[in-house]
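*Asks:* If it helps, the file is called coords18.txt and holds compact mmCIF, C-alpha atoms:
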```
# COMPACT_ATOMS: atom_id res chain seq x y z
CA MET Y 1 137.54 57.10 85.75
CA TRP Y 2 134.76 59.23 87.24
CA ALA Y 3 132.56 57.62 89.84
CA THR Y 4 129.46 58.35 87.76
CA GLU Y 5 130.81 56.25 84.93
CA CYS Y 6 131.05 53.28 87.28
CA GLU Y 7 127.89 53.80 89.27
CA GLN Y 8 125.38 55.44 86.95
CA GLU Y 9 125.78 53.68 83.64
CA GLY Y 10 122.57 53.65 81.70
CA THR Y 11 120.59 55.98 83.95
CA GLY Y 12 119.04 57.81 80.98
CA TRP Y 13 121.02 61.05 81.13
CA GLY Y 14 122.62 60.43 77.73
CA ILE Y 15 125.77 62.43 77.04
CA LEU Y 16 125.49 64.20 80.42
CA GLU Y 17 126.67 60.93 81.98
CA ASP Y 18 130.14 61.69 80.58
CA LEU Y 19 130.52 64.51 83.11
CA PRO Y 20 131.82 64.11 86.70
CA GLY Y 21 129.20 63.98 89.47
CA ASP Y 22 125.41 63.74 89.22
CA PRO Y 23 124.22 64.83 85.74
CA MET Y 24 121.54 67.01 87.38
CA ILE Y 25 124.20 69.35 88.79
CA TRP Y 26 125.38 69.99 85.22
CA VAL Y 27 121.88 71.05 84.17
CA LEU Y 28 122.07 73.57 87.03
CA ILE Y 29 125.65 74.61 86.12
CA PHE Y 30 124.78 75.31 82.47
CA SER Y 31 121.66 77.23 83.56
CA GLU Y 32 123.69 79.33 86.01
CA LEU Y 33 126.38 80.06 83.43
CA ALA Y 34 123.71 81.22 80.98
CA ALA Y 35 122.08 83.46 83.63
CA PHE Y 36 125.36 85.02 84.79
CA GLY Y 37 126.49 85.40 81.16
CA LEU Y 38 123.37 87.40 80.30
CA PHE Y 39 123.67 89.44 83.49
CA LEU Y 40 127.32 90.28 82.78
CA GLY Y 41 126.37 91.12 79.19
CA ALA Y 42 123.76 93.58 80.51
CA PHE Y 43 126.43 95.16 82.75
CA VAL Y 44 128.81 95.53 79.80
CA ILE Y 45 126.12 97.13 77.59
CA ALA Y 46 125.10 99.53 80.39
CA ARG Y 47 128.76 100.55 80.67
CA VAL Y 48 128.85 101.44 76.96
CA ILE Y 49 125.72 103.59 77.45
CA HIS Y 50 126.95 105.31 80.65
CA PRO Y 51 130.79 105.25 80.54
CA ALA Y 52 131.33 108.22 82.89
CA MET Y 53 128.89 106.89 85.52
CA PHE Y 54 130.52 103.44 85.42
CA ALA Y 55 134.05 104.90 85.65
CA SER Y 56 133.15 106.96 88.73
CA GLY Y 57 131.35 104.01 90.33
CA GLN Y 58 134.25 101.65 89.66
CA ALA Y 59 136.69 104.17 91.20
CA VAL Y 60 134.92 103.76 94.56
CA LEU Y 61 135.29 99.95 94.59
CA ASP Y 62 138.19 98.31 96.44
CA ALA Y 63 139.84 96.21 93.70
CA ARG Y 64 142.60 95.01 96.05
CA LEU Y 65 140.06 93.54 98.47
CA ALA Y 66 138.28 91.85 95.56
CA GLY Y 67 141.68 90.62 94.31
CA LEU Y 68 142.34 89.13 97.74
CA ASN Y 69 138.98 87.38 97.47
CA THR Y 70 140.09 85.92 94.11
CA VAL Y 71 143.13 84.39 95.83
CA VAL Y 72 140.88 83.05 98.63
CA LEU Y 73 138.37 81.51 96.21
CA VAL Y 74 140.90 79.84 93.88
CA THR Y 75 142.64 78.40 96.95
CA SER Y 76 139.29 77.10 98.14
CA GLY Y 77 138.75 75.57 94.69
CA TRP Y 78 142.15 73.88 94.94
CA ALA Y 79 141.20 72.40 98.35
CA ALA Y 80 137.87 71.17 96.92
CA ALA Y 81 139.66 69.58 93.93
CA ARG Y 82 142.08 67.84 96.32
CA GLY Y 83 139.06 66.62 98.29
CA THR Y 84 137.60 65.08 95.13
CA LYS Y 85 140.93 63.42 94.31
CA SER Y 86 141.16 61.96 97.83
CA THR Y 87 137.59 60.62 97.63
CA ARG Y 88 138.34 58.89 94.32
CA ALA Y 89 141.40 57.30 95.98
CA GLY Y 90 139.11 55.98 98.73
CA GLU Y 91 140.60 58.30 101.38
CA SER Y 92 137.38 59.60 102.99
CA ARG Y 93 139.00 61.18 106.06
CA THR Y 94 141.54 63.09 103.98
CA SER Y 95 138.77 64.14 101.61
CA ARG Y 96 136.71 65.52 104.51
CA ARG Y 97 139.68 67.58 105.72
CA TRP Y 98 140.14 69.15 102.27
CA LEU Y 99 136.43 69.86 101.96
CA VAL Y 100 136.35 71.49 105.40
CA GLY Y 101 139.32 73.63 104.27
CA ALA Y 102 137.39 74.62 101.14
CA MET Y 103 134.36 75.56 103.27
CA VAL Y 104 136.45 77.63 105.71
CA LEU Y 105 137.99 79.55 102.79
CA GLY Y 106 134.50 79.98 101.34
CA GLY Y 107 133.47 81.48 104.69
CA LEU Y 108 136.48 83.81 104.50
CA PHE Y 109 135.35 84.94 101.02
CA VAL Y 110 131.90 85.76 102.43
CA THR Y 111 133.46 87.65 105.38
CA ILE Y 112 135.72 89.76 103.11
CA LYS Y 113 132.82 90.50 100.74
CA VAL Y 114 130.53 91.56 103.61
CA PHE Y 115 133.37 93.77 104.95
CA GLU Y 116 133.70 95.29 101.46
CA TYR Y 117 129.94 95.93 101.30
CA GLY Y 118 130.19 97.57 104.76
CA GLY Y 119 132.80 100.02 103.48
CA GLU Y 120 130.71 100.87 100.43
CA ILE Y 121 127.51 101.32 102.44
CA GLY Y 122 129.51 103.42 104.94
CA HIS Y 123 130.31 105.79 102.08
CA GLY Y 124 126.59 106.25 101.50
CA ILE Y 125 126.46 103.92 98.49
CA GLY Y 126 123.38 101.76 98.02
CA LEU Y 127 121.46 99.70 95.51
CA GLU Y 128 119.79 102.81 94.09
CA SER Y 129 122.82 105.12 93.99
CA SER Y 130 123.28 104.60 90.23
CA THR Y 131 122.77 102.02 87.47
CA PHE Y 132 126.36 100.93 88.09
CA PHE Y 133 125.75 100.19 91.76
CA THR Y 134 122.38 98.54 91.10
CA LEU Y 135 124.06 96.09 88.72
CA TYR Y 136 127.15 95.76 90.93
CA PHE Y 137 125.16 94.87 94.06
CA LEU Y 138 122.82 92.53 92.15
CA LEU Y 139 125.66 90.70 90.38
CA THR Y 140 127.96 90.36 93.39
CA GLY Y 141 125.03 89.69 95.74
CA PHE Y 142 123.68 86.94 93.47
CA HIS Y 143 127.18 85.45 93.32
CA LEU Y 144 127.56 85.73 97.11
CA LEU Y 145 124.30 83.77 97.53
CA HIS Y 146 125.81 81.05 95.33
CA VAL Y 147 128.95 81.00 97.51
CA CYS Y 148 126.75 80.51 100.62
CA LEU Y 149 124.74 77.78 98.85
CA GLY Y 150 128.00 76.15 97.73
CA ILE Y 151 129.24 76.02 101.33
CA VAL Y 152 125.98 74.31 102.37
CA ILE Y 153 126.30 71.81 99.49
CA LEU Y 154 129.93 71.06 100.43
CA ALA Y 155 128.85 70.54 104.07
CA VAL Y 156 126.17 68.06 102.96
CA VAL Y 157 128.47 66.00 100.67
CA CYS Y 158 131.29 66.16 103.24
CA ARG Y 159 129.26 64.11 105.75
CA ARG Y 160 129.32 60.96 103.61
CA ALA Y 161 132.32 61.77 101.40
CA GLU Y 162 131.21 59.37 98.64
CA ALA Y 163 132.76 59.88 95.22
CA VAL Y 164 129.61 60.84 93.26
CA LEU Y 165 128.41 63.18 96.00
CA VAL Y 166 131.78 64.91 96.36
CA GLU Y 167 132.15 65.25 92.56
CA THR Y 168 128.66 66.78 92.45
CA GLY Y 169 129.26 69.25 95.30
CA THR Y 170 132.69 70.34 94.10
CA ALA Y 171 131.46 70.79 90.49
CA PHE Y 172 129.02 73.42 91.82
CA TRP Y 173 131.82 75.00 93.87
CA HIS Y 174 134.13 75.26 90.86
CA MET Y 175 131.33 76.88 88.85
CA VAL Y 176 131.05 79.55 91.58
CA ASP Y 177 134.84 79.99 91.37
CA LEU Y 178 134.74 80.26 87.55
CA ILE Y 179 131.99 82.90 87.59
CA TRP Y 180 133.98 85.06 90.04
CA ILE Y 181 137.12 84.76 87.89
CA VAL Y 182 135.20 86.14 84.90
CA MET Y 183 133.17 88.68 86.91
CA PHE Y 184 136.05 90.23 88.88
CA PRO Y 185 137.92 92.02 86.04
CA ILE Y 186 134.70 93.09 84.29
CA LEU Y 187 133.27 94.77 87.42
CA TYR Y 188 136.42 96.06 89.11
CA LEU Y 189 139.20 96.53 86.57
CA VAL Y 190 138.10 97.02 82.96
CA ARG Y 191 138.36 100.74 82.25
CA MET E 1 158.49 66.16 100.53
CA MET E 2 155.45 65.82 98.22
CA THR E 3 156.00 66.54 94.52
CA PRO E 4 153.46 69.08 93.22
CA ASP E 5 150.89 67.44 90.94
CA ARG E 6 148.71 69.02 88.24
CA LEU E 7 146.22 70.40 90.82
CA ASP E 8 149.03 72.10 92.76
CA MET E 9 150.51 73.53 89.55
CA THR E 10 147.10 74.86 88.53
CA TRP E 11 146.71 76.53 91.93
CA ILE E 12 150.15 78.17 91.60
CA VAL E 13 149.31 79.40 88.08
CA LEU E 14 145.93 80.76 89.29
CA ILE E 15 147.53 82.64 92.19
CA GLY E 16 150.20 84.07 89.86
CA LEU E 17 147.61 85.21 87.33
CA ALA E 18 145.37 86.64 90.08
CA LEU E 19 148.25 88.79 91.37
CA ALA E 20 149.23 89.81 87.83
CA THR E 21 145.61 90.80 87.12
CA ILE E 22 145.57 93.19 90.10
CA LEU E 23 148.86 94.78 88.94
CA VAL E 24 147.88 95.29 85.27
CA PRO E 25 145.88 98.58 85.62
CA SER E 26 148.76 100.31 87.43
CA VAL E 27 151.53 98.89 85.22
CA VAL E 28 149.89 99.22 81.78
CA PRO E 29 148.75 102.84 81.18
CA ARG E 30 146.86 102.27 77.90
CA PRO E 31 143.30 101.16 78.79
CA LEU E 32 142.73 99.12 75.62
CA LEU E 33 145.90 97.07 76.13
CA ALA E 34 145.39 96.82 79.90
CA ASN E 35 141.83 95.55 79.38
CA ALA E 36 143.01 93.01 76.78
CA LEU E 37 145.70 91.76 79.17
CA LEU E 38 143.54 91.38 82.25
CA LEU E 39 140.70 89.74 80.32
CA ALA E 40 143.24 87.37 78.71
CA PHE E 41 144.49 86.52 82.22
CA ALA E 42 140.89 85.85 83.25
CA ALA E 43 140.44 83.56 80.24
CA ALA E 44 143.62 81.66 81.13
CA LYS E 45 142.45 81.27 84.75
CA GLY E 46 139.00 80.15 83.65
CA ARG E 47 140.46 77.60 81.25
CA ARG E 48 142.62 76.07 84.02
CA ILE E 49 139.57 75.85 86.30
CA VAL E 50 137.58 74.13 83.54
CA LEU E 51 140.30 71.62 82.73
CA ASP E 52 141.69 70.79 86.17
CA TYR E 53 139.20 71.83 88.89
CA LEU E 54 135.95 71.05 87.02
CA ASP E 55 137.90 68.10 85.63
CA LEU E 56 136.75 68.43 82.03
CA ARG E 57 140.23 67.69 80.61
CA THR E 58 139.19 64.11 79.80
CA ALA E 59 135.48 64.88 79.27
CA PRO E 60 134.00 64.88 75.74
CA ALA E 61 135.12 67.90 73.68
CA LEU E 62 131.50 69.10 73.49
CA TRP E 63 131.31 69.88 77.23
CA ARG E 64 134.83 71.25 77.44
CA GLY E 65 134.11 73.42 74.41
CA LEU E 66 130.77 74.69 75.72
CA VAL E 67 132.15 75.91 79.04
CA SER E 68 135.29 77.32 77.39
CA ALA E 69 133.10 79.09 74.80
CA TRP E 70 131.10 80.70 77.64
CA ILE E 71 134.33 82.12 79.11
CA PHE E 72 135.58 83.33 75.72
CA ILE E 73 132.27 84.92 74.63
CA VAL E 74 131.68 86.81 77.91
CA LEU E 75 135.27 88.11 78.11
CA MET E 76 135.50 88.96 74.39
CA PHE E 77 132.19 90.84 74.61
CA ALA E 78 133.54 92.79 77.60
CA TRP E 79 136.73 93.67 75.71
CA LEU E 80 134.89 94.74 72.55
CA ALA E 81 132.57 96.93 74.64
CA SER E 82 135.53 98.51 76.43
CA ALA E 83 137.16 99.15 73.04
CA ALA E 84 133.94 100.80 71.85
CA VAL E 85 133.92 103.06 74.95
CA ASP E 86 137.57 103.92 74.27
CA LEU E 87 136.87 104.83 70.65
CA ILE E 88 133.72 106.89 71.27
```
Can I see the file as structure tokens?
*Replies:*
Amino acid sequence: MWATECEQEGTGWGILEDLPGDPMIWVLIFSELAAFGLFLGAFVIARVIHPAMFASGQAVLDARLAGLNTVVLVTSGWAAARGTKSTRAGESRTSRRWLVGAMVLGGLFVTIKVFEYGGEIGHGIGLESSTFFTLYFLLTGFHLLHVCLGIVILAVVCRRAEAVLVETGTAFWHMVDLIWIVMFPILYLVR
Amino acid sequence: MMTPDRLDMTWIVLIGLALATILVPSVVPRPLLANALLLAFAAAKGRRIVLDYLDLRTAPALWRGLVSAWIFIVLMFAWLASAAVDLI
């Protein structure tokens, strides 16, 4: 049973109370999914309008580096999920260790992404190089901001390692993971 | 030795699908099929994250369905658009 079910019964959130963590985080999660969904939709439509420009832009990207980042982020998500499981079992110290692991891997994702940006900028590519790169930098940059925010949220919930807090923090983290999983093939691989 | 639980199995599946996704463009020459495959892999990864990481497996079907629908709609739209580019 989720901690929210035990601790927040009848708090006025209605059906949102059936979700793990604080219901407010789910309002944020659904808003973020809608925003990223629209943004990715705009990218896809722009690709239909400018197929040659998008193909040449995509050819410059390092899909293997982004693939490595997928492995890093899903591993981080696994560590965060283990942290939640440990918290529910009342194992606060174990939970903290898993959450620290998730944060370290999140930091590695940021490092790899910044390294990738460095390579692209080194090739003279910038935000205004083409419509493809404008959308690419905005989408991945917006996502990268969410990764950084997720690390901060995990650090905050890690201090007390209480079930509702950890469920709330890790729900945000898994949303960041989910968005990358959907974004990665659309930006880097779909031809 | 610890027996892998559902979270561990999900992680293994996600890593396997992530590696398969990277290989698809070089292994499958036809863009339409390659796109379908790698977007299907993304859908499978997303679904595992929703069920096991976001922990919506036992949540009401409404929430599970909403997040799963988001994954499906975005990826299906991307595939249809890529098919349109291929046909034009």
*Asks:* I'd like the interatomic distance between CA of Trp11 in chain E and CA of Leu149 in chain Y, to a tenth of an Å.
*Replies:*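 The value is 23.1 Å.
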*Asks:* Report as CSV: every residue of chain E with an atom at most 9 Å from chain Y, its closest pair of atoms, and their distance in Å to one decimal, counting only C-alpha atoms, with rows sorted by chain and ascending residue number.
*Replies:*
```
residue,atom,partner,partner_atom,distance
E:Leu7,CA,Y:Trp78,CA,6.8
E:Asp8,CA,Y:Trp78,CA,7.4
E:Thr10,CA,Y:Trp78,CA,8.2
E:Trp11,CA,Y:Trp78,CA,6.1
E:Leu14,CA,Y:Val74,CA,6.9
E:Ile15,CA,Y:Val71,CA,6.0
E:Ala18,CA,Y:Val71,CA,6.6
E:Leu19,CA,Y:Gly67,CA,7.4
E:Thr21,CA,Y:Pro185,CA,7.9
E:Ile22,CA,Y:Gly67,CA,6.3
E:Val24,CA,Y:Leu189,CA,8.9
E:Pro25,CA,Y:Leu189,CA,7.1
E:Pro31,CA,Y:Arg191,CA,6.0
E:Leu32,CA,Y:Arg191,CA,8.1
E:Ala34,CA,Y:Val190,CA,7.9
E:Asn35,CA,Y:Val190,CA,5.4
E:Ala36,CA,Y:Val190,CA,8.9
E:Leu38,CA,Y:Pro185,CA,6.8
E:Leu39,CA,Y:Pro185,CA,6.8
E:Ala42,CA,Y:Val182,CA,5.9
E:Ala43,CA,Y:Val182,CA,7.5
E:Lys45,CA,Y:Ile181,CA,7.1
E:Gly46,CA,Y:Leu178,CA,5.8
E:Arg47,CA,Y:Leu178,CA,8.9
E:Ile49,CA,Y:Leu178,CA,6.7
E:Val50,CA,Y:Leu178,CA,7.9
E:Asp52,CA,Y:Ala81,CA,8.1
E:Tyr53,CA,Y:Ala81,CA,5.5
E:Leu54,CA,Y:Ala171,CA,5.7
E:Asp55,CA,Y:Pro20,CA,7.4
E:Leu56,CA,Y:Leu19,CA,7.4
E:Ala59,CA,Y:Leu19,CA,6.3
E:Pro60,CA,Y:Asp18,CA,7.0
E:Trp63,CA,Y:Leu19,CA,8.0
E:Val67,CA,Y:Phe30,CA,8.2
E:Trp70,CA,Y:Gly37,CA,7.5
E:Ile71,CA,Y:Val182,CA,7.1
E:Ile73,CA,Y:Gly37,CA,8.7
E:Val74,CA,Y:Gly37,CA,6.3
E:Leu75,CA,Y:Val182,CA,7.1
E:Phe77,CA,Y:Gly41,CA,7.4
E:Ala78,CA,Y:Val44,CA,5.9
E:Trp79,CA,Y:Val190,CA,8.1
E:Ala81,CA,Y:Val48,CA,6.3
E:Ser82,CA,Y:Arg191,CA,6.8
E:Ala84,CA,Y:Val48,CA,7.2
E:Val85,CA,Y:Val48,CA,5.7
E:Asp86,CA,Y:Arg191,CA,8.6
```
*Asks:* Measure the distance from CA of Ala40 in chain E to CA of Ala83 in chain E in Å and round it to one decimal.
*Replies:* 14.4 Å
*Asks:* Please measure the separation of CA of Gly122 in chain Y and CA of His146 in chain Y, giving the value in Å to one decimal.
*Replies:*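 One can read the CA of Gly122 in chain Y to CA of His146 in chain Y distance as 24.6 Å.
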*Asks:* Using all atoms listed in the file, can you list as a JSON list (two decimals) with C-alpha atoms, keeping the file's coordinate frame the residues within 6 Å of (131.0, 63.5, 91.7)?
*Replies:*
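So the final result, stored in point_20.json, reads:
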```
[["chain", "number", "residue", "atom", "x", "y", "z"],
["Y", 20, "PRO", "CA", 131.82, 64.11, 86.70],
["Y", 21, "GLY", "CA", 129.20, 63.98, 89.47],
["Y", 163, "ALA", "CA", 132.76, 59.88, 95.22],
["Y", 164, "VAL", "CA", 129.61, 60.84, 93.26],
["Y", 165, "LEU", "CA", 128.41, 63.18, 96.00],
["Y", 166, "VAL", "CA", 131.78, 64.91, 96.36],
["Y", 167, "GLU", "CA", 132.15, 65.25, 92.56],
["Y", 168, "THR", "CA", 128.66, 66.78, 92.45]]
```
*Asks:* Counting all atoms listed in the file, which of Y:Val176, Y:Met53, Y:Ile151, Y:Ala161 gets nearest to Met103 in chain Y?
*Replies:*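 Between Y:Val176, Y:Met53, Y:Ile151, Y:Ala161, the residue approaching Met103 in chain Y most closely is Y:Ile151.
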